$ cat data-v7.cif   # mmCIF, C-alpha atoms
data_data
#
loop_
_atom_site.label_atom_id
_atom_site.label_comp_id
_atom_site.auth_asym_id
_atom_site.auth_seq_id
_atom_site.Cartn_x
_atom_site.Cartn_y
_atom_site.Cartn_z
CA MET Z 2 64.95 -56.22 59.55
CA GLY Z 3 67.34 -53.82 61.14
CA ARG Z 4 67.34 -50.12 61.90
CA ARG Z 5 67.14 -48.35 58.55
CA VAL Z 6 69.42 -45.33 58.55
CA LYS Z 7 69.34 -43.88 55.05
CA GLU Z 8 67.49 -44.52 51.81
CA PHE Z 9 68.88 -43.46 48.46
CA ALA Z 10 67.25 -42.24 45.23
CA ASP Z 11 67.83 -45.57 43.47
CA GLY Z 12 65.85 -47.50 46.12
CA SER Z 13 68.86 -48.89 47.96
CA PHE Z 14 69.30 -48.31 51.68
CA LEU Z 15 71.73 -48.72 54.56
CA GLU Z 16 70.78 -50.10 57.93
CA TYR Z 17 72.22 -51.53 61.13
CA ASP Z 18 71.39 -55.04 62.24
CA ARG Z 19 72.79 -57.88 64.27
CA GLY Z 20 76.32 -58.92 63.35
CA LYS Z 21 78.74 -61.41 64.90
CA ILE Z 22 79.47 -59.17 67.90
CA ASP Z 23 76.70 -56.62 68.34
CA ASN Z 24 73.76 -54.82 66.75
CA TRP Z 25 75.98 -52.37 64.87
CA CYS Z 26 76.68 -54.34 61.70
CA VAL Z 27 76.15 -52.17 58.61
CA TYR Z 28 74.11 -53.67 55.77
CA MET Z 29 73.46 -52.32 52.28
CA THR Z 30 70.34 -53.45 50.46
CA ASN Z 31 70.62 -52.75 46.74
CA PRO Z 32 67.70 -51.76 44.45
CA ALA Z 33 67.10 -55.46 43.63
CA GLY Z 34 66.63 -56.23 47.35
CA VAL Z 35 69.95 -58.04 47.84
CA ARG Z 36 71.28 -57.33 51.33
CA LYS Z 37 74.92 -57.64 52.39
CA PRO Z 38 77.37 -56.00 54.74
CA PRO Z 39 79.87 -53.73 52.99
CA LEU Z 40 83.39 -55.06 53.53
CA ASP Z 41 86.22 -52.78 54.63
CA ARG Z 42 88.39 -53.72 51.66
CA ASP Z 43 85.55 -52.97 49.25
CA TYR Z 44 84.63 -49.51 50.50
CA PHE Z 45 88.27 -48.55 51.07
CA SER Z 46 89.00 -49.61 47.46
CA GLU Z 47 86.15 -47.38 46.31
CA PHE Z 48 87.57 -44.60 48.51
CA LYS Z 49 90.98 -44.96 46.86
CA ALA Z 50 89.43 -44.91 43.39
CA LEU Z 51 87.49 -41.77 44.31
CA ALA Z 52 90.69 -40.08 45.47
CA ASP Z 53 92.44 -41.11 42.26
CA LYS Z 54 89.64 -39.47 40.28
CA TYR Z 55 88.96 -36.32 42.35
CA GLY Z 56 92.22 -35.78 44.22
CA THR Z 57 93.54 -37.15 47.48
CA ASP Z 58 93.29 -33.90 49.45
CA ARG Z 59 89.69 -33.24 48.46
CA VAL Z 60 88.43 -36.74 49.23
CA TYR Z 61 90.37 -36.97 52.50
CA ARG Z 62 89.16 -33.50 53.56
CA ASP Z 63 85.53 -34.55 52.92
CA PHE Z 64 86.12 -37.81 54.82
CA VAL Z 65 87.60 -35.90 57.79
CA ALA Z 66 84.64 -33.48 57.79
CA ILE Z 67 82.40 -36.51 58.40
CA TYR Z 68 84.88 -38.11 60.82
CA ASP Z 69 84.96 -34.93 62.92
CA VAL Z 70 81.21 -35.00 63.57
CA THR Z 71 80.85 -38.75 64.12
CA LYS Z 72 79.65 -39.69 67.59
CA LYS Z 73 78.01 -42.76 69.15
CA ASP Z 74 74.61 -41.94 67.67
CA ILE Z 75 73.52 -41.35 64.09
CA ASP Z 76 72.62 -37.71 63.50
CA ALA Z 77 70.13 -36.78 60.75
CA ALA Z 78 71.99 -33.49 60.21
CA VAL Z 79 75.20 -35.41 59.44
CA LEU Z 80 73.34 -37.65 56.98
CA GLU Z 81 72.05 -34.52 55.23
CA ALA Z 82 75.55 -32.99 55.24
CA ILE Z 83 76.92 -36.15 53.60
CA THR Z 84 74.36 -35.80 50.81
CA ARG Z 85 75.38 -32.14 50.34
CA ILE Z 86 79.08 -33.10 50.21
CA ALA Z 87 78.27 -35.87 47.72
CA ALA Z 88 76.40 -33.43 45.47
CA GLY Z 89 79.73 -31.73 44.79
CA TYR Z 90 80.88 -34.88 42.98
CA GLY Z 91 78.46 -34.33 40.08
CA THR Z 92 77.50 -37.53 38.27
CA ASP Z 93 79.15 -39.56 41.05
CA ALA Z 94 76.95 -37.98 43.74
CA LEU Z 95 74.86 -41.09 44.48
CA PHE Z 96 77.95 -43.29 44.62
CA VAL Z 97 79.71 -40.83 46.97
CA ASP Z 98 76.60 -40.47 49.15
CA LYS Z 99 76.48 -44.24 49.62
CA LEU Z 100 80.23 -44.48 50.21
CA PHE Z 101 80.49 -41.67 52.75
CA THR Z 102 77.30 -42.79 54.51
CA THR Z 103 78.81 -46.28 54.77
CA PHE Z 104 81.93 -44.76 56.32
CA TYR Z 105 79.82 -42.68 58.71
CA MET Z 106 77.87 -45.71 59.85
CA ALA Z 107 81.01 -47.84 60.16
CA MET Z 108 82.70 -45.14 62.25
CA THR Z 109 79.60 -44.83 64.45
CA ALA Z 110 79.69 -48.60 64.90
CA GLU Z 111 83.37 -48.36 65.95
CA GLU Z 112 82.39 -45.72 68.52
CA ASN Z 113 79.86 -48.21 69.93
CA TYR Z 114 82.19 -51.21 69.91
CA PRO Z 115 82.34 -52.71 73.42
CA TYR Z 116 85.35 -51.48 75.41
CA THR Z 117 86.77 -49.45 72.53
CA ARG Z 118 89.67 -47.16 73.28
CA LEU Z 119 90.13 -45.95 69.73
CA GLY Z 120 86.66 -45.88 68.18
CA ARG Z 121 86.51 -44.29 64.75
CA LYS Z 122 90.27 -43.59 64.72
CA ILE Z 123 90.73 -47.08 63.27
CA LYS Z 124 88.94 -46.02 60.07
CA ARG Z 125 90.79 -42.72 59.84
CA LEU Z 126 94.18 -44.39 60.23
CA ALA Z 127 93.37 -46.85 57.43
CA ALA Z 128 92.11 -44.00 55.22
CA TYR Z 129 95.27 -41.99 55.87
CA GLU Z 130 97.53 -44.96 55.20
CA ILE Z 131 95.79 -45.71 51.89
CA LEU Z 132 95.77 -42.15 50.62
CA TYR Z 133 98.98 -40.66 51.98
CA ALA Z 134 101.28 -43.56 52.84
CA GLN Z 135 100.28 -45.39 49.64
CA ARG Z 136 99.60 -48.55 51.66
CA ASP Z 137 97.80 -51.27 49.72
CA VAL Z 138 94.10 -51.41 50.60
CA ASP Z 139 94.18 -55.06 51.67
CA ASP Z 140 97.14 -54.34 53.95
CA ALA Z 141 95.67 -51.11 55.31
CA VAL Z 142 92.51 -52.81 56.57
CA VAL Z 143 94.43 -55.50 58.49
CA PHE Z 144 97.82 -54.10 59.50
CA MET Z 145 96.53 -52.95 62.90
CA LYS Z 146 94.96 -56.28 63.87
CA LYS Z 147 97.93 -57.53 65.88
CA MET Z 148 98.79 -54.14 67.39
CA GLY Z 149 97.83 -53.04 70.86
CA TRP Z 150 95.64 -49.99 71.23
CA ARG Z 151 98.51 -47.86 72.55
CA GLU Z 152 100.60 -48.56 69.45
CA ILE Z 153 97.68 -47.68 67.18
CA ALA Z 154 96.98 -44.53 69.22
CA ALA Z 155 100.63 -43.51 68.80
CA LEU Z 156 100.37 -43.92 65.02
CA CYS Z 157 97.27 -41.73 65.03
CA GLN Z 158 98.98 -39.09 67.14
CA GLU Z 159 102.01 -39.08 64.81
CA ARG Z 160 99.62 -38.31 61.95
CA GLY Z 161 97.91 -35.49 63.82
CA PHE Z 162 94.68 -37.08 64.97
#

$ encode --input "data-v7.cif" --output "C-alpha coordinates"
Amino acid sequence: MGRRVKEFADGSFLEYDRGKIDNWCVYMTNPAGVRKPPLDRDYFSEFKALADKYGTDRVYRDFVAIYDVTKKDIDAAVLEAITRIAAGYGTDALFVDKLFTTFYMAMTAEENYPYTRLGRKIKRLAAYEILYAQRDVDDAVVFMKKMGWREIAALCQERGF
(Lines of atoms letter the chains of each structure in order from A and count residues from 1; the text may use other names and numbers.)
(Lines give C-alpha, C1' and ligand atoms only; values in the text may rest on other atoms or scores of the structure.)
Protein backbone atom coordinates (compact mmCIF):
# COMPACT_ATOMS: atom_id res chain seq x y z
CA MET A 1 0.00 0.00 0.00
CA GLY A 2 1.00 3.57 -0.54
CA ARG A 3 1.13 6.68 1.59
CA ARG A 4 -2.45 7.40 2.62
CA VAL A 5 -3.10 11.13 2.46
CA LYS A 6 -6.79 11.64 3.20
CA GLU A 7 -9.74 9.51 4.24
CA PHE A 8 -13.31 10.56 3.56
CA ALA A 9 -16.58 10.06 5.47
CA ASP A 10 -17.79 7.39 3.03
CA GLY A 11 -14.73 5.18 3.67
CA SER A 12 -12.89 6.09 0.48
CA PHE A 13 -9.36 7.45 0.59
CA LEU A 14 -6.63 9.00 -1.52
CA GLU A 15 -3.01 7.94 -1.39
CA TYR A 16 0.27 8.17 -3.25
CA ASP A 17 2.01 5.06 -4.52
CA ARG A 18 4.38 3.92 -7.21
CA GLY A 19 3.42 4.91 -10.74
CA LYS A 20 5.19 4.55 -14.08
CA ILE A 21 7.72 7.29 -13.29
CA ASP A 22 7.92 7.86 -9.54
CA ASN A 23 6.25 7.36 -6.17
CA TRP A 24 3.84 10.27 -6.67
CA CYS A 25 1.00 8.52 -8.50
CA VAL A 26 -2.37 9.43 -6.95
CA TYR A 27 -4.76 6.56 -6.24
CA MET A 28 -8.38 6.67 -5.08
CA THR A 29 -9.77 3.68 -3.23
CA ASN A 30 -13.56 3.75 -3.20
CA PRO A 31 -15.78 2.49 -0.33
CA ALA A 32 -15.93 -0.98 -1.97
CA GLY A 33 -12.12 -1.21 -1.87
CA VAL A 34 -11.56 -0.70 -5.61
CA ARG A 35 -8.32 1.23 -6.17
CA LYS A 36 -7.48 3.22 -9.29
CA PRO A 37 -5.61 6.34 -10.29
CA PRO A 38 -7.89 9.28 -11.12
CA LEU A 39 -7.36 10.29 -14.75
CA ASP A 40 -6.86 13.92 -15.74
CA ARG A 41 -9.77 13.87 -18.18
CA ASP A 42 -12.08 12.44 -15.51
CA TYR A 43 -11.36 14.93 -12.74
CA PHE A 44 -11.21 17.86 -15.17
CA SER A 45 -14.63 16.78 -16.52
CA GLU A 46 -15.94 16.77 -12.95
CA PHE A 47 -14.33 20.20 -12.45
CA LYS A 48 -16.13 21.55 -15.53
CA ALA A 49 -19.45 20.10 -14.36
CA LEU A 50 -18.93 21.69 -10.95
CA ALA A 51 -18.30 25.08 -12.58
CA ASP A 52 -21.40 24.67 -14.72
CA LYS A 53 -23.43 24.06 -11.57
CA TYR A 54 -21.88 26.57 -9.15
CA GLY A 55 -20.35 29.19 -11.44
CA THR A 56 -17.00 29.40 -13.18
CA ASP A 57 -15.59 32.22 -11.05
CA ARG A 58 -16.42 30.55 -7.75
CA VAL A 59 -15.00 27.15 -8.67
CA TYR A 60 -11.87 28.63 -10.27
CA ARG A 61 -11.34 30.94 -7.26
CA ASP A 62 -11.54 27.93 -4.91
CA PHE A 63 -9.17 25.97 -7.16
CA VAL A 64 -6.67 28.87 -7.17
CA ALA A 65 -6.87 29.14 -3.37
CA ILE A 66 -5.61 25.55 -3.22
CA TYR A 67 -3.13 26.08 -6.07
CA ASP A 68 -1.60 29.06 -4.25
CA VAL A 69 -0.69 27.00 -1.18
CA THR A 70 0.49 23.87 -2.99
CA LYS A 71 4.15 23.05 -2.40
CA LYS A 72 6.30 19.92 -2.73
CA ASP A 73 4.94 18.40 0.48
CA ILE A 74 1.39 17.63 1.57
CA ASP A 75 0.27 19.95 4.35
CA ALA A 76 -2.42 18.81 6.81
CA ALA A 77 -3.63 22.42 7.13
CA VAL A 78 -4.28 22.55 3.37
CA LEU A 79 -6.20 19.26 3.52
CA GLU A 80 -8.36 20.75 6.29
CA ALA A 81 -8.84 23.96 4.28
CA ILE A 82 -10.02 21.90 1.30
CA THR A 83 -12.65 20.24 3.50
CA ARG A 84 -13.79 23.69 4.71
CA ILE A 85 -14.01 24.98 1.13
CA ALA A 86 -15.94 21.85 0.12
CA ALA A 87 -18.44 22.36 2.95
CA GLY A 88 -19.62 25.49 1.14
CA TYR A 89 -20.95 23.29 -1.65
CA GLY A 90 -23.73 21.85 0.53
CA THR A 91 -24.90 18.41 -0.57
CA ASP A 92 -21.94 18.20 -2.97
CA ALA A 93 -19.42 18.71 -0.15
CA LEU A 94 -18.03 15.14 -0.17
CA PHE A 95 -17.74 15.14 -3.95
CA VAL A 96 -15.95 18.53 -3.91
CA ASP A 97 -13.66 17.45 -1.06
CA LYS A 98 -12.56 14.42 -3.08
CA LEU A 99 -12.19 16.45 -6.28
CA PHE A 100 -10.18 19.31 -4.80
CA THR A 101 -8.04 16.91 -2.74
CA THR A 102 -7.30 15.00 -5.95
CA PHE A 103 -6.25 18.27 -7.60
CA TYR A 104 -4.10 19.17 -4.59
CA MET A 105 -2.34 15.82 -4.65
CA ALA A 106 -1.89 15.93 -8.44
CA MET A 107 -0.40 19.43 -8.21
CA THR A 108 1.92 18.32 -5.40
CA ALA A 109 2.99 15.41 -7.60
CA GLU A 110 3.73 17.87 -10.44
CA GLU A 111 5.89 19.89 -8.04
CA ASN A 112 7.86 16.70 -7.31
CA TYR A 113 8.18 15.60 -10.93
CA PRO A 114 11.87 15.09 -11.76
CA TYR A 115 13.42 18.13 -13.46
CA THR A 116 10.15 20.07 -13.59
CA ARG A 117 10.31 23.68 -14.65
CA LEU A 118 6.59 24.29 -14.49
CA GLY A 119 5.29 22.11 -11.65
CA ARG A 120 1.66 22.71 -10.76
CA LYS A 121 1.26 25.39 -13.46
CA ILE A 122 0.38 22.58 -15.88
CA LYS A 123 -2.82 21.86 -13.93
CA ARG A 124 -3.73 25.52 -13.59
CA LEU A 125 -3.30 26.16 -17.31
CA ALA A 126 -5.58 23.23 -18.14
CA ALA A 127 -8.15 24.43 -15.58
CA TYR A 128 -8.05 27.95 -17.02
CA GLU A 129 -8.38 26.71 -20.59
CA ILE A 130 -11.38 24.54 -19.71
CA LEU A 131 -13.23 27.17 -17.73
CA TYR A 132 -12.36 30.42 -19.47
CA ALA A 133 -11.18 29.54 -22.97
CA GLN A 134 -13.95 26.93 -23.31
CA ARG A 135 -11.39 24.36 -24.46
CA ASP A 136 -12.73 20.81 -24.61
CA VAL A 137 -11.58 18.76 -21.60
CA ASP A 138 -9.93 16.05 -23.70
CA ASP A 139 -8.01 18.71 -25.64
CA ALA A 140 -7.11 20.72 -22.54
CA VAL A 141 -5.38 17.79 -20.86
CA VAL A 142 -3.17 17.04 -23.88
CA PHE A 143 -2.64 20.26 -25.84
CA MET A 144 0.61 21.06 -23.99
CA LYS A 145 2.22 17.65 -24.55
CA LYS A 146 4.21 18.68 -27.62
CA MET A 147 5.06 22.16 -26.35
CA GLY A 148 8.35 23.12 -24.80
CA TRP A 149 8.36 24.41 -21.25
CA ARG A 150 9.11 27.98 -22.34
CA GLU A 151 6.03 28.05 -24.58
CA ILE A 152 3.86 26.71 -21.77
CA ALA A 153 5.38 29.21 -19.34
CA ALA A 154 4.55 32.03 -21.77
CA LEU A 155 0.92 30.88 -21.94
CA CYS A 156 0.77 30.89 -18.15
CA GLN A 157 2.29 34.36 -17.97
CA GLU A 158 -0.21 35.67 -20.55
CA ARG A 159 -2.99 34.44 -18.26
CA GLY A 160 -1.50 36.08 -15.18
CA PHE A 161 0.11 33.17 -13.39

$ atom_distance --input "data-v7.cif" --atom1 "atom CA of Tyr90 of chain Z" --atom2 "atom CA of Ile75 of chain Z"
23.3 Å

$ residues_around --input "data-v7.cif" --residues "Lys37 of chain Z" --least-positions-apart "3" --cutoff "10 Å" --atoms "only C-alpha atoms" --output "VMD selection string"
chain Z and resid 15 27 to 31 34 40

$ resolve_selection --input "data-v7.cif" --expression "the PyMOL selection byres ((chain Z and resi 7) around 12)" --output "MDAnalysis selection string"
chainID Z and resid 3:6 8:17 27:30 75:81 83:84 98:103 105:106

$ closest_residue --input "data-v7.cif" --among "Z:Phe144, Z:Tyr55, Z:Phe96, Z:Tyr68" --to "Met108 of chain Z" --atoms "only C-alpha atoms"
Z:Tyr68

$ atom_distance --input "data-v7.cif" --atom1 "atom CA of Arg85 of chain Z" --atom2 "atom CA of Val60 of chain Z"
13.9 Å

$ atom_distance --input "data-v7.cif" --atom1 "atom CA of Glu47 of chain Z" --atom2 "atom CA of Leu95 of chain Z"
13.1 Å

$ residues_around --input "data-v7.cif" --residues "segment 109-118 of chain Z" --least-positions-apart "4" --cutoff "9 Å" --atoms "all atoms listed in the file" --output "number ranges by chain"
Z: 17, 22-27, 71-75, 104-105, 122-124, 150-151, 154

$ write_last_selection --input "data-v7.cif" --atoms "C-alpha atoms" --output "PDB file, in the coordinates of the input"
ATOM      1  CA  TYR Z  17      72.220 -51.530  61.130  1.00  0.00           C
ATOM      2  CA  ILE Z  22      79.470 -59.170  67.900  1.00  0.00           C
ATOM      3  CA  ASP Z  23      76.700 -56.620  68.340  1.00  0.00           C
ATOM      4  CA  ASN Z  24      73.760 -54.820  66.750  1.00  0.00           C
ATOM      5  CA  TRP Z  25      75.980 -52.370  64.870  1.00  0.00           C
ATOM      6  CA  CYS Z  26      76.680 -54.340  61.700  1.00  0.00           C
ATOM      7  CA  VAL Z  27      76.150 -52.170  58.610  1.00  0.00           C
ATOM      8  CA  THR Z  71      80.850 -38.750  64.120  1.00  0.00           C
ATOM      9  CA  LYS Z  72      79.650 -39.690  67.590  1.00  0.00           C
ATOM     10  CA  LYS Z  73      78.010 -42.760  69.150  1.00  0.00           C
ATOM     11  CA  ASP Z  74      74.610 -41.940  67.670  1.00  0.00           C
ATOM     12  CA  ILE Z  75      73.520 -41.350  64.090  1.00  0.00           C
ATOM     13  CA  PHE Z 104      81.930 -44.760  56.320  1.00  0.00           C
ATOM     14  CA  TYR Z 105      79.820 -42.680  58.710  1.00  0.00           C
ATOM     15  CA  LYS Z 122      90.270 -43.590  64.720  1.00  0.00           C
ATOM     16  CA  ILE Z 123      90.730 -47.080  63.270  1.00  0.00           C
ATOM     17  CA  LYS Z 124      88.940 -46.020  60.070  1.00  0.00           C
ATOM     18  CA  TRP Z 150      95.640 -49.990  71.230  1.00  0.00           C
ATOM     19  CA  ARG Z 151      98.510 -47.860  72.550  1.00  0.00           C
ATOM     20  CA  ALA Z 154      96.980 -44.530  69.220  1.00  0.00           C
TER      21      ALA Z 154
END

$ closest_residue --input "data-v7.cif" --among "Z:Leu119, Z:Val143, Z:Val70, Z:Leu132" --to "Ala50 of chain Z" --atoms "only C-alpha atoms"
Z:Leu132

$ closest_residue --input "data-v7.cif" --among "Z:Arg42, Z:Lys21, Z:Lys49, Z:Arg121" --to "Ala134 of chain Z" --atoms "all atoms listed in the file"
Z:Lys49

$ closest_residue --input "data-v7.cif" --among "Z:Gly20, Z:Phe64, Z:Met148, Z:Phe162" --to "Leu51 of chain Z" --atoms "all atoms listed in the file"
Z:Phe64

$ residues_around --input "data-v7.cif" --residues "Ile131 of chain Z" --least-positions-apart "2" --cutoff "10 Å" --atoms "only C-alpha atoms" --output "list in words"
Phe45, Ser46, Phe48, Lys49, Ala52, Thr57, Arg125, Leu126, Ala127, Ala128, Tyr129, Tyr133, Ala134, Gln135, Arg136, Asp137, Val138, Asp139, Asp140, Ala141 and Val142 of chain Z

$ closest_residue --input "data-v7.cif" --among "Z:Arg160, Z:Ala107, Z:Ala87, Z:Tyr61" --to "Pro39 of chain Z" --atoms "all atoms listed in the file"
Z:Ala107
